[in-house]
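Next comes upload_32.tsv, with TSV, C-alpha atoms.
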```tsv
chain	number	residue	atom	x	y	z
D	1	MET	CA	-3.22	-23.97	18.64
D	2	SER	CA	0.23	-23.06	17.45
D	3	GLY	CA	3.02	-25.56	17.63
D	4	PRO	CA	6.14	-26.65	15.88
D	5	GLY	CA	5.67	-27.16	12.17
D	6	THR	CA	2.51	-25.07	11.95
D	7	ASN	CA	1.99	-21.53	10.77
D	8	THR	CA	0.42	-19.31	13.38
D	9	HIS	CA	1.45	-16.01	14.92
D	10	ALA	CA	0.51	-14.88	18.41
D	11	VAL	CA	-2.80	-13.03	18.59
D	12	ASN	CA	-2.34	-9.57	20.14
D	13	VAL	CA	-5.61	-7.66	19.98
D	14	ARG	CA	-4.43	-4.88	22.30
D	15	GLY	CA	-1.35	-4.42	20.10
D	16	TYR	CA	-3.51	-4.18	16.94
D	17	LEU	CA	-5.67	-1.50	18.55
D	18	MET	CA	-2.60	0.47	19.62
D	19	VAL	CA	-1.23	0.32	16.07
D	20	PHE	CA	-4.64	1.47	14.78
D	21	ALA	CA	-4.62	4.46	17.14
D	22	THR	CA	-1.07	5.34	16.05
D	23	LEU	CA	-2.04	5.13	12.37
D	24	MET	CA	-4.97	7.48	12.98
D	25	VAL	CA	-2.76	10.02	14.78
D	26	LEU	CA	-0.19	9.86	11.97
D	27	THR	CA	-2.95	10.41	9.38
D	28	ILE	CA	-4.08	13.55	11.24
D	29	ILE	CA	-0.45	14.77	11.43
D	30	THR	CA	0.00	14.16	7.68
D	31	VAL	CA	-3.04	16.29	6.81
D	32	ALA	CA	-2.12	18.97	9.36
D	33	VAL	CA	1.48	19.30	8.13
D	34	ALA	CA	0.33	19.53	4.51
D	35	SER	CA	-1.83	22.53	5.40
D	36	LEU	CA	1.07	24.42	7.03
D	37	ASN	CA	2.40	25.80	3.71
D	38	LEU	CA	5.95	24.65	4.41
D	39	SER	CA	8.47	24.54	1.58
D	40	GLU	CA	7.76	21.92	-1.08
D	41	GLY	CA	10.84	19.89	-0.14
D	42	THR	CA	9.94	19.82	3.55
D	43	THR	CA	6.31	18.87	2.83
D	44	VAL	CA	7.41	15.99	0.58
D	45	LEU	CA	9.97	14.79	3.12
D	46	VAL	CA	7.50	14.86	6.03
D	47	ALA	CA	4.62	13.28	4.06
D	48	VAL	CA	6.72	10.45	2.63
D	49	SER	CA	8.44	9.83	5.99
D	50	ILE	CA	5.12	9.58	7.83
D	51	ALA	CA	3.69	7.34	5.08
D	52	THR	CA	6.74	5.08	5.40
D	53	ILE	CA	6.30	4.84	9.17
D	54	LYS	CA	2.60	4.01	8.72
D	55	ALA	CA	3.38	1.38	6.07
D	56	ALA	CA	6.06	-0.13	8.32
D	57	LEU	CA	3.59	-0.37	11.22
D	58	VAL	CA	1.00	-2.12	9.02
D	59	ALA	CA	3.64	-4.49	7.61
D	60	MET	CA	5.22	-5.31	10.98
D	61	PHE	CA	2.08	-5.84	13.02
D	62	PHE	CA	-0.89	-6.52	10.72
D	63	MET	CA	1.08	-8.45	8.10
D	64	HIS	CA	3.08	-10.20	10.84
D	65	LEU	CA	6.47	-9.32	9.36
D	66	LYS	CA	7.70	-8.70	12.90
D	67	SER	CA	7.59	-12.42	13.62
D	68	GLU	CA	8.05	-13.76	10.09
D	69	LYS	CA	10.67	-16.26	8.94
D	70	PRO	CA	13.86	-15.05	7.18
D	71	MET	CA	12.88	-16.50	3.79
D	72	VAL	CA	10.19	-13.80	3.40
D	73	PHE	CA	12.78	-11.04	3.61
D	74	TRP	CA	14.91	-12.23	0.69
D	75	PRO	CA	12.38	-11.45	-2.05
D	76	LEU	CA	11.32	-8.32	-0.18
D	77	GLY	CA	14.92	-7.12	0.09
D	78	LEU	CA	15.44	-7.63	-3.63
D	79	THR	CA	12.18	-5.78	-4.30
D	80	ALA	CA	13.32	-2.89	-2.12
D	81	VAL	CA	16.54	-2.58	-4.15
D	82	LEU	CA	14.68	-2.68	-7.48
D	83	PHE	CA	12.08	-0.22	-6.18
D	84	ALA	CA	14.84	2.18	-5.18
D	85	ALA	CA	16.39	1.73	-8.63
D	86	LEU	CA	13.14	2.88	-10.26
D	87	PHE	CA	13.59	6.22	-8.54
D	88	ALA	CA	17.38	6.36	-8.87
D	89	PHE	CA	16.98	6.23	-12.64
D	90	LEU	CA	15.06	9.50	-12.46
D	91	LEU	CA	18.32	11.25	-11.52
D	92	TRP	CA	19.66	10.72	-15.04
D	93	THR	CA	17.00	12.95	-16.49
D	94	GLU	CA	15.80	15.04	-13.56
D	95	GLY	CA	18.82	15.31	-11.23
D	96	ASP	CA	20.00	18.53	-12.88
D	97	HIS	CA	17.12	20.75	-11.91
D	98	LEU	CA	16.09	18.75	-8.82
D	99	PHE	CA	19.39	19.26	-7.01
D	100	GLY	CA	21.02	21.98	-9.08
D	101	THR	CA	23.86	19.70	-10.13
D	102	LYS	CA	25.02	19.17	-13.66
D	103	PHE	CA	25.85	15.49	-13.91
D	104	SER	CA	27.56	16.08	-17.23
D	105	ASP	CA	29.81	18.71	-15.55
D	106	ALA	CA	30.62	16.35	-12.73
D	107	PHE	CA	31.93	13.79	-15.22
D	108	GLY	CA	33.85	16.37	-17.22
D	109	SER	CA	31.95	15.93	-20.44
D	110	ALA	CA	29.97	19.16	-20.50
D	111	PRO	CA	29.86	20.68	-23.95
D	112	LYS	CA	31.70	24.00	-24.09
D	113	THR	CA	29.71	27.10	-25.04
D	114	SER	CA	31.11	28.60	-28.18
D	115	GLU	CA	28.64	31.43	-28.59
D	116	PRO	CA	30.17	34.89	-28.61
D	117	GLY	CA	29.73	36.41	-25.17
D	118	GLY	CA	28.56	33.06	-23.78
D	119	HIS	CA	29.52	32.03	-20.24
U	1	MET	CA	-7.81	-32.56	-1.73
U	2	ASP	CA	-4.22	-33.11	-0.75
U	3	ALA	CA	-2.84	-31.83	-4.04
U	4	LEU	CA	-1.38	-28.73	-2.43
U	5	PRO	CA	1.45	-29.55	-0.06
U	6	TYR	CA	2.56	-27.49	2.92
U	7	THR	CA	-0.61	-25.43	3.25
U	8	THR	CA	-0.50	-25.68	7.05
U	9	THR	CA	2.82	-27.30	7.89
U	10	ILE	CA	6.11	-25.52	7.41
U	11	ARG	CA	8.08	-26.52	4.34
U	12	PRO	CA	11.54	-27.43	5.70
U	13	ASP	CA	13.65	-25.77	3.00
U	14	THR	CA	11.86	-22.38	3.08
U	15	GLY	CA	10.76	-22.33	6.71
U	16	LEU	CA	7.34	-21.14	5.49
U	17	THR	CA	4.06	-22.58	4.30
U	18	ASN	CA	3.69	-22.48	0.53
U	19	PRO	CA	0.80	-19.96	0.56
U	20	LYS	CA	2.82	-17.62	2.79
U	21	LEU	CA	5.82	-17.59	0.46
U	22	GLY	CA	3.46	-17.37	-2.52
U	23	ILE	CA	1.61	-14.29	-1.28
U	24	TRP	CA	4.86	-12.48	-0.47
U	25	LEU	CA	6.32	-13.24	-3.91
U	26	PHE	CA	3.08	-11.97	-5.45
U	27	LEU	CA	3.21	-8.82	-3.35
U	28	ALA	CA	6.84	-8.29	-4.39
U	29	SER	CA	5.62	-8.13	-8.00
U	30	GLU	CA	2.81	-5.82	-6.93
U	31	VAL	CA	5.31	-3.45	-5.31
U	32	MET	CA	7.05	-3.17	-8.69
U	33	LEU	CA	3.73	-2.63	-10.48
U	34	PHE	CA	2.75	0.27	-8.25
U	35	GLY	CA	6.40	1.36	-7.99
U	36	SER	CA	6.55	1.88	-11.74
U	37	LEU	CA	3.51	4.17	-11.52
U	38	PHE	CA	4.94	6.10	-8.57
U	39	SER	CA	8.21	6.60	-10.45
U	40	ALA	CA	6.25	7.66	-13.57
U	41	TYR	CA	4.49	10.21	-11.36
U	42	ALA	CA	7.82	11.48	-9.99
U	43	LEU	CA	9.32	11.70	-13.48
U	44	LEU	CA	6.37	13.54	-15.01
U	45	ARG	CA	5.98	15.90	-12.08
U	46	THR	CA	9.65	16.82	-11.69
U	47	GLY	CA	9.97	17.28	-15.45
U	48	ALA	CA	6.85	19.41	-15.83
U	49	PRO	CA	7.25	23.19	-16.16
U	50	SER	CA	4.09	23.60	-14.08
U	51	TRP	CA	1.88	21.26	-12.06
U	52	PRO	CA	-1.70	21.68	-10.82
U	53	ASP	CA	-2.35	22.44	-7.16
U	54	GLN	CA	-3.37	18.88	-6.33
U	55	SER	CA	-5.17	19.65	-3.07
U	56	ALA	CA	-7.27	22.26	-4.91
U	57	VAL	CA	-8.18	19.89	-7.76
U	58	LEU	CA	-8.95	16.87	-5.57
U	59	ASN	CA	-11.22	16.47	-2.56
U	60	VAL	CA	-8.89	16.14	0.45
U	61	PRO	CA	-11.63	15.63	3.12
U	62	LEU	CA	-13.12	12.73	1.12
U	63	ALA	CA	-9.67	11.18	0.64
U	64	THR	CA	-8.94	11.59	4.36
U	65	LEU	CA	-12.22	9.83	5.09
U	66	ASN	CA	-11.19	7.03	2.73
U	67	THR	CA	-7.83	6.74	4.50
U	68	VAL	CA	-9.63	6.30	7.83
U	69	ILE	CA	-12.01	3.76	6.27
U	70	LEU	CA	-9.25	1.66	4.70
U	71	ILE	CA	-7.02	1.70	7.78
U	72	SER	CA	-10.05	0.71	9.90
U	73	SER	CA	-10.81	-2.15	7.52
U	74	SER	CA	-7.21	-3.31	7.90
U	75	VAL	CA	-7.69	-3.48	11.65
U	76	THR	CA	-10.99	-5.36	11.31
U	77	MET	CA	-9.24	-7.79	8.91
U	78	VAL	CA	-6.53	-8.62	11.42
U	79	MET	CA	-9.23	-8.92	14.10
U	80	ALA	CA	-11.09	-11.36	11.83
U	81	TRP	CA	-7.92	-13.44	11.62
U	82	ALA	CA	-7.53	-13.19	15.41
U	83	GLY	CA	-11.15	-14.40	15.79
U	84	ALA	CA	-10.50	-17.33	13.46
U	85	ALA	CA	-7.20	-18.18	15.16
U	86	SER	CA	-8.99	-18.17	18.54
U	87	GLY	CA	-11.76	-20.43	17.21
U	88	LYS	CA	-14.50	-17.81	17.65
U	89	LEU	CA	-16.68	-18.07	14.54
U	90	SER	CA	-19.09	-15.24	15.43
U	91	ARG	CA	-16.18	-12.90	16.10
U	92	TYR	CA	-14.61	-13.89	12.80
U	93	ARG	CA	-17.87	-13.27	10.91
U	94	LEU	CA	-18.39	-9.90	12.59
U	95	PHE	CA	-14.96	-8.55	11.75
U	96	MET	CA	-14.80	-10.04	8.27
U	97	GLY	CA	-18.22	-8.48	7.62
U	98	LEU	CA	-16.91	-5.13	8.84
U	99	THR	CA	-13.87	-5.50	6.57
U	100	LEU	CA	-16.13	-6.08	3.58
U	101	LEU	CA	-18.22	-3.08	4.62
U	102	GLY	CA	-15.05	-0.97	4.82
U	103	GLY	CA	-14.06	-2.00	1.30
U	104	ALA	CA	-17.54	-1.18	0.00
U	105	LEU	CA	-17.57	2.22	1.72
U	106	PHE	CA	-14.15	2.99	0.27
U	107	LEU	CA	-15.43	2.26	-3.23
U	108	VAL	CA	-18.58	4.34	-2.70
U	109	VAL	CA	-16.46	7.33	-1.68
U	110	LYS	CA	-14.24	6.70	-4.72
U	111	VAL	CA	-17.28	6.70	-7.01
U	112	ILE	CA	-18.41	10.00	-5.45
U	113	GLU	CA	-14.94	11.45	-6.05
U	114	TYR	CA	-14.78	10.26	-9.66
U	115	SER	CA	-18.31	11.54	-10.37
U	116	GLU	CA	-17.35	14.92	-8.93
U	117	LYS	CA	-14.35	15.10	-11.25
U	118	PHE	CA	-16.31	14.02	-14.33
U	119	SER	CA	-19.08	16.51	-13.60
U	120	HIS	CA	-16.44	19.28	-13.61
U	121	GLY	CA	-15.08	18.09	-16.94
U	122	LEU	CA	-11.94	16.63	-15.39
U	123	TYR	CA	-10.90	13.44	-17.19
U	124	PRO	CA	-7.69	11.39	-17.52
U	125	SER	CA	-7.10	13.18	-20.82
U	126	THR	CA	-7.26	16.63	-19.17
U	127	ASN	CA	-3.62	16.69	-18.00
U	128	ASN	CA	-0.77	14.45	-16.85
U	129	PHE	CA	-1.71	14.80	-13.19
U	130	LEU	CA	-5.29	13.63	-13.72
U	131	ALA	CA	-4.08	10.82	-16.01
U	132	LEU	CA	-1.84	9.61	-13.17
U	133	TYR	CA	-4.56	10.18	-10.55
U	134	PHE	CA	-7.14	8.09	-12.40
U	135	THR	CA	-4.63	5.38	-13.38
U	136	MET	CA	-3.17	4.97	-9.90
U	137	THR	CA	-6.40	5.23	-7.91
U	138	GLY	CA	-8.24	3.13	-10.54
U	139	LEU	CA	-5.66	0.35	-10.35
U	140	HIS	CA	-5.84	0.56	-6.56
U	141	ALA	CA	-9.66	0.36	-6.65
U	142	ILE	CA	-9.40	-2.80	-8.81
U	143	HIS	CA	-7.20	-4.28	-6.07
U	144	VAL	CA	-9.81	-3.33	-3.47
U	145	ILE	CA	-12.49	-5.11	-5.53
U	146	ALA	CA	-10.27	-8.21	-5.89
U	147	GLY	CA	-9.70	-8.29	-2.14
U	148	MET	CA	-13.43	-7.94	-1.51
U	149	VAL	CA	-14.18	-10.90	-3.82
U	150	VAL	CA	-11.74	-13.08	-1.84
U	151	ASN	CA	-13.09	-11.84	1.50
U	152	ALA	CA	-16.70	-12.39	0.36
U	153	TYR	CA	-15.79	-15.98	-0.52
U	154	LEU	CA	-14.14	-16.48	2.86
U	155	ILE	CA	-17.16	-15.20	4.79
U	156	GLY	CA	-19.55	-17.09	2.48
U	157	PRO	CA	-18.99	-20.53	0.95
U	158	GLY	CA	-15.36	-20.61	2.07
U	159	THR	CA	-16.43	-20.82	5.73
U	160	ARG	CA	-17.21	-24.54	5.19
U	161	MET	CA	-13.53	-25.19	5.80
U	162	TRP	CA	-13.90	-23.83	9.36
U	163	THR	CA	-14.82	-27.25	10.75
U	164	ARG	CA	-13.19	-29.44	8.10
U	165	ASP	CA	-9.68	-28.01	8.35
U	166	HIS	CA	-9.63	-25.13	10.78
U	167	LEU	CA	-5.90	-24.43	10.71
U	168	ARG	CA	-5.88	-24.24	6.93
U	169	PHE	CA	-8.89	-21.93	7.04
U	170	THR	CA	-7.12	-19.64	9.52
U	171	ASN	CA	-4.09	-19.57	7.25
U	172	ARG	CA	-6.33	-18.56	4.33
U	173	ILE	CA	-7.63	-15.65	6.38
U	174	GLU	CA	-4.07	-14.64	7.19
U	175	ILE	CA	-3.02	-14.78	3.53
U	176	ALA	CA	-6.11	-12.83	2.40
U	177	GLY	CA	-5.33	-10.39	5.21
U	178	ILE	CA	-1.73	-9.87	4.06
U	179	TYR	CA	-3.07	-8.94	0.62
U	180	TRP	CA	-5.69	-6.63	2.12
U	181	HIS	CA	-3.09	-4.88	4.28
U	182	PHE	CA	-0.93	-4.40	1.19
U	183	VAL	CA	-3.85	-2.62	-0.50
U	184	ASP	CA	-3.99	-0.43	2.61
U	185	VAL	CA	-0.24	0.25	2.41
U	186	VAL	CA	-0.54	1.34	-1.24
U	187	TRP	CA	-3.28	3.80	-0.27
U	188	ILE	CA	-1.15	5.09	2.63
U	189	PHE	CA	1.32	6.29	-0.04
U	190	LEU	CA	-1.24	7.29	-2.67
U	191	PHE	CA	-3.07	9.61	-0.26
U	192	PRO	CA	-0.26	12.09	0.49
U	193	VAL	CA	1.37	11.80	-2.94
U	194	LEU	CA	-1.77	12.49	-4.98
U	195	TYR	CA	-3.79	14.68	-2.62
U	196	LEU	CA	-1.45	16.58	-0.33
U	197	LEU	CA	1.88	17.27	-2.06
```

Would you write the structure of this file as C-alpha cells?
Amino acid sequence: MSGPGTNTHAVNVRGYLMVFATLMVLTIITVAVASLNLSEGTTVLVAVSIATIKAALVAMFFMHLKSEKPMVFWPLGLTAVLFAALFAFLLWTEGDHLFGTKFSDAFGSAPKTSEPGGH
Amino acid sequence: MDALPYTTTIRPDTGLTNPKLGIWLFLASEVMLFGSLFSAYALLRTGAPSWPDQSAVLNVPLATLNTVILISSSVTMVMAWAGAASGKLSRYRLFMGLTLLGGALFLVVKVIEYSEKFSHGLYPSTNNFLALYFTMTGLHAIHVIAGMVVNAYLIGPGTRMWTRDHLRFTNRIEIAGIYWHFVDVVWIFLFPVLYLL
C-alpha cells in the first residue's frame, strides 16, 4: 500500500503492544515511587523523568515520530525551546528559594543592609 | 472535492502531506497552551508558603485507573489505524469503537472524581491548587471530548470514504490518532504533577 509519494508508515502491531506493556510498567513504577516518601526533589525528578520517557515512547511509536520527515521536527524544536523558556522565566522570581541562590548577589547589585546590627 | 491539495501525496517542498504538517503545527500551539498552565502551576506552587498534600486531596487510585484507560485507548487508536492501513474494516471498527469506549470511560471516571470533590465542598475557588486542578483537568477533558467527536465521525458517517478514497481515509485516522495520542501525552504529565507530587 505504501509507495513513493504517499504517506504511510509501516504497521507494527507487536511493537505497539510492547510499547503498551512498557507504558503500563512505567505507570506502576511512577505510583510506587511516589508512595516511597522520598525527598520532594527526588520524587519530582523521578516522576517527571518517567513521564518524559512515557511521552517519548507514545510520540515515537504511536505518533510515528520515529519515522517522520524532518520538516515535522522544525516546529517541534521551536516549541521545545519556547516551552523550556516558560519554565526558565520562573527562575527570575523563584530561583532564590528554589536553589538557595541570590541572583541579585550573583550580579553584584544586592542592596546593602544598613540596619544597625544587620548582617 | 479536490479543493484540498496534498492530502495523500507528499508535498515536495515540505516532504509531508498537508494534514500531517497541519496537525503538528496545531499540536505545537497546544503544547504552549498546556505549557503555560504547567508553568503557572510551577510558579504558584514554588511561590506558595504552603501547599496541600495533593495525593490526600485527590483520588490517586481513580486517577491511576484513568491513566490505564487513556493509555489503553491510545493503543486501540493506533491499532485502528493499523486495521485501516491493512484494509481490514472490521478490525478498524473494533479498535476505533474501543478507543471511543476508552474516552467515554475516562470521562465517566472524571465526572465521579469531580462529583466527589464538589460533595466535599472542594471547588476551584477553594485554593490555588484546586483552581489549577480543575482548570488543567477540565481543559484536558474538553480535548478528550473533541477527540471523541472526531473519532465518532470517523467510525460513523466518515467511514463512507473507506471505499471512495481509502488512502485518504487511512491518513485521516492517522491524523486523528496523532491528536488522540497528544491528549494521552498531556495526561501522562498531568497525572504525576497533580496527583502524586

> Pick the closest to Ala47 of chain D from U:Met136, U:Ala42, U:Leu65, U:Ile188: which is it, counting all atoms listed in the file?
Replying inline: U:Ile188

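With distances taken over all atoms listed in the file, U:Asn171 is the one residue among U:Thr99, U:Asn18, U:Asn171, U:Ser119 lying closest to chain D.
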
>> List the spatial neighbours of Ala82 of chain U as a PyMOL selection string - criterion: any atom at most 12 Å away, only C-alpha atoms, same-chain residues fewer than 5 positions off excluded.
In response: (chain D and resi 8-16+62+64) or (chain U and resi 75-77+87-96+170-171+173-174+177)

Output for the residues just chosen: C-alpha atoms as a PDB file, keeping the file's coordinate frame:
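Full text of result_19.pdb as output:
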```pdb
ATOM      1  CA  THR D   8       0.420 -19.310  13.380  1.00  0.00           C
ATOM      2  CA  HIS D   9       1.450 -16.010  14.920  1.00  0.00           C
ATOM      3  CA  ALA D  10       0.510 -14.880  18.410  1.00  0.00           C
ATOM      4  CA  VAL D  11      -2.800 -13.030  18.590  1.00  0.00           C
ATOM      5  CA  ASN D  12      -2.340  -9.570  20.140  1.00  0.00           C
ATOM      6  CA  VAL D  13      -5.610  -7.660  19.980  1.00  0.00           C
ATOM      7  CA  ARG D  14      -4.430  -4.880  22.300  1.00  0.00           C
ATOM      8  CA  GLY D  15      -1.350  -4.420  20.100  1.00  0.00           C
ATOM      9  CA  TYR D  16      -3.510  -4.180  16.940  1.00  0.00           C
ATOM     10  CA  PHE D  62      -0.890  -6.520  10.720  1.00  0.00           C
ATOM     11  CA  HIS D  64       3.080 -10.200  10.840  1.00  0.00           C
TER      12      HIS D  64
ATOM     13  CA  VAL U  75      -7.690  -3.480  11.650  1.00  0.00           C
ATOM     14  CA  THR U  76     -10.990  -5.360  11.310  1.00  0.00           C
ATOM     15  CA  MET U  77      -9.240  -7.790   8.910  1.00  0.00           C
ATOM     16  CA  GLY U  87     -11.760 -20.430  17.210  1.00  0.00           C
ATOM     17  CA  LYS U  88     -14.500 -17.810  17.650  1.00  0.00           C
ATOM     18  CA  LEU U  89     -16.680 -18.070  14.540  1.00  0.00           C
ATOM     19  CA  SER U  90     -19.090 -15.240  15.430  1.00  0.00           C
ATOM     20  CA  ARG U  91     -16.180 -12.900  16.100  1.00  0.00           C
ATOM     21  CA  TYR U  92     -14.610 -13.890  12.800  1.00  0.00           C
ATOM     22  CA  ARG U  93     -17.870 -13.270  10.910  1.00  0.00           C
ATOM     23  CA  LEU U  94     -18.390  -9.900  12.590  1.00  0.00           C
ATOM     24  CA  PHE U  95     -14.960  -8.550  11.750  1.00  0.00           C
ATOM     25  CA  MET U  96     -14.800 -10.040   8.270  1.00  0.00           C
ATOM     26  CA  THR U 170      -7.120 -19.640   9.520  1.00  0.00           C
ATOM     27  CA  ASN U 171      -4.090 -19.570   7.250  1.00  0.00           C
ATOM     28  CA  ILE U 173      -7.630 -15.650   6.380  1.00  0.00           C
ATOM     29  CA  GLU U 174      -4.070 -14.640   7.190  1.00  0.00           C
ATOM     30  CA  GLY U 177      -5.330 -10.390   5.210  1.00  0.00           C
TER      31      GLY U 177
END
```

Selection near Thr135 of chain U, 9 Å with only C-alpha atoms, sequence-local residues under 4 positions removed, as a JSON list (two decimals) with C-alpha atoms, in the coordinates of the input:
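Dumped to result-v5.json:
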```
[["chain", "number", "residue", "atom", "x", "y", "z"],
["U", 37, "LEU", "CA", 3.51, 4.17, -11.52],
["U", 124, "PRO", "CA", -7.69, 11.39, -17.52],
["U", 130, "LEU", "CA", -5.29, 13.63, -13.72],
["U", 131, "ALA", "CA", -4.08, 10.82, -16.01],
["U", 139, "LEU", "CA", -5.66, 0.35, -10.35],
["U", 140, "HIS", "CA", -5.84, 0.56, -6.56]]
```

>> Taking all atoms listed in the file into account, name the residue in D:Ala55, D:Met60, D:Ala84, D:Leu26 that is nearest to chain U.
In response: D:Ala55

> When you draw a straight line from atom CA of Ser74 of chain U to atom CA of Ile175 of chain U, how long is it in Å?
Replying inline: 13.0 Å

>> To one decimal place in Å, what is the distance between atom CA of Phe34 of chain U and atom CA of Val185 of chain U?
In response: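 If I compute the distance from atom CA of Phe34 of chain U to atom CA of Val185 of chain U, I get 11.1 Å.
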
> Pick from D:Ile29, D:Ser67, D:Met24, D:Thr42: nearest to chain U, with all atoms listed in the file counted?
Replying inline: D:Met24

> Counting only C-alpha atoms, which residues from chain U have an atom at most 8 Å from any atom of chain D, and could you show them as number ranges by chain?
Replying inline: U: 8-10, 14-17, 21, 24-25, 28-29, 31-32, 35-36, 39, 42-43, 46-47, 64, 67-68, 71-72, 74-75, 78-79, 82, 85, 171, 177-178, 181-182, 185, 188-189, 192-193, 196-197

> atom CA of Ser55 of chain U to atom CA of Tyr195 of chain U: how many Å, to one decimal?
Replying inline: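 Separation between atom CA of Ser55 of chain U and atom CA of Tyr195 of chain U: 5.2 Å.
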
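Closest approach to Glu113 of chain U among U:Ile155, U:Leu70, U:Leu62, U:Leu101: U:Leu62, based on all atoms listed in the file.
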
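For the set U:Arg160, U:Lys20, U:Arg172, U:Lys110, the residue with the smallest atom-to-atom gap to Ile69 of chain U is U:Lys110, counting all atoms listed in the file.
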
> If we count all atoms listed in the file, what is near Tyr114 of chain U at a cut-off of 12 Å, once residues fewer than 5 positions away on the same chain are taken out, given as an MDAnalysis selection string?
Replying inline: chainID U and resid 57:59 62:63 107:109 119:124 130 133:135 137:138 141
